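K.L.:
Shown below is the structure under consideration.
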Amino acid sequence: MLAAVLLLPVRAQAMSARRAYVVDAVSGRVLFEKNPTERSLIASTTKIMTALIVCEQCNVLDRMRIPKEAVGIEGSSMYLKEGEVLTIQELLYGLMLSSGNDAAVALAIYCGGTVEGFAELMNDKARNLDLTGTHFENPNGLDSPGHYSTARDLGILAAYAMENPIFYKTVSAKTVKAGDRYLTNHNKLLWQVEGADGVKTGFTKAAGRILVSSATRNGRRIIAVTIDDPSDWQDHAAFLEEGFSRFTVQRLVNRGDRVGTLEVVGGQAGQVAVLAAADFDYAVASEERACLALPGPGFVYAPAVAGADAGYAYVLIGGKAVGKLPVVYGETIEQTVTEEKPFWKRLLHPKS
């Protein structure tokens with residue numbers, strides 16, 4: 001789907017990020033972006049990918065004995081002890097609520113055999129999701145020149161990950177018990193913004209403050225990403241509130257709607273109706289109006305068969321393509337049949 005960019009009227013003091021990306025996860029509409037494809041360090045927001053792979057590839061009810069390689073890792077920690085036994089789900093809570101770098105290493109070893117092997121799984125997943133500005137070298141986000149992503153890639157990754165029920169359950173939890181530990185989620189938005197349900201904080205001196213957030217209201221989800229943002233909590237609250245209040249997801253086109261006509265060359269009728277072959281929903285502001293455009297030469301050679309593929313139509317808002325949908329012919333237009341004269345009649349009466 002093609003995505004138009006519309007800047008939200010965010011208050012000046014609520015936009016201090018060097019890079020940002022805000023998207024309606026249901027329709028795919030980009031609501032705000034600033035340097036969205038600029039690569040940067042991403043600190044602990046790396047753990048979104050770590051958790052996703054574990055949720056997809058491991059049984060979170062399994063139990064793991066913590067190896068010495070996962071103990072005493074620098075940075076934020078859930079303070080694992082060598083030899084203690086925790087479930088994979090408990091380690092996921094330590095990873096995403098407490099941002100445990102030690103939990104990241106433990107999960108990487110459990111799922112990938114080694115940290116290096118797990119990094120390969122992370123990069124494979126990044127390629128599968130077409131995260132072209134992303135490369136991973138570790139599961140926790142410790143600074144490394146070859147470890148980076150973009151605001152756009154993090155937004156796409158978060159939107160995908162939030163569809164996984166185990167991932168969602170993990171990042172939306174406010175407080176949990178993991179072994180003998182009581183963990184509290186570092187994501188303040190869970191308490192501050194209606195419908196907030198994820199996703200992950202991150203910080204290193206080199207990367208700055210990084211935040212990926214999610215909120216869901218009435219079945220609609222907005223994902224916001226900021227990188228190197230000293231006012232991230234305020235910025236995200238503003239993004240999410242204005243995204244929900246200004247934009248609503250509407251059915252712009254119903255399957256079967258007439259989207260236009262095409263001229264028919266050599267047909268028994270001069271035109272054929274073209275109908276939408278699918279519904280089209282999109283996030284729009286109250287002042288916006290959508291229109292449809294059929295690309296191509298504007299004609300078709302007969303015959304045209306009802307229900308047959310007629311290509312696609314663009315959905316336009318403000319003159320910009322925001323998506324396209326398949327279209328079909330709405331009726332059958334037969335080819336004009338011309339009666340061919342026998343050879344001897346053409347010789348005797350060439351003009352008749």
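Scheme for the structure tokens: letters A, B, ... for chains in order shown; per-chain residue numbers from 1; ligand numbers from 1 in order shown.
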Write out as a PyMOL selection string all residues of segment 68-226 of chain A that backbone DSSP assigns to alpha helix (DSSP H).
P.N.:
chain A and resi 88-96+101-112+115-128+151-161+165-172+189-192
K.L.:
Hey, what's within 7 Å of Tyr282 of chain A if we count only C-alpha atoms and toss same-chain stuff fewer than 3 positions away? As a list of chain:residue names, please?
P.N.:
A:Ser27, A:Val249, A:Gln250, A:Arg251, A:Leu252
K.L.:
Select, from A:Asn140, A:Asn254, A:Thr45, A:Gln271, the residue with the minimum atom-to-atom distance to Val171 of chain A, counting only C-alpha atoms.
P.N.:
A:Thr45
K.L.:
Write out as a PyMOL selection string which residues come within 10 Å of Pro139 of chain A when counting only C-alpha atoms, dropping same-chain ones fewer than 4 positions away.
P.N.:
chain A and resi 44-51+101-109+115-116+118-119+122+147
K.L.:
Between A:Leu97, A:Leu142, A:Gly243, A:Asp124, which is the closest to Ser172 of chain A once you count only C-alpha atoms?
P.N.:
A:Leu97
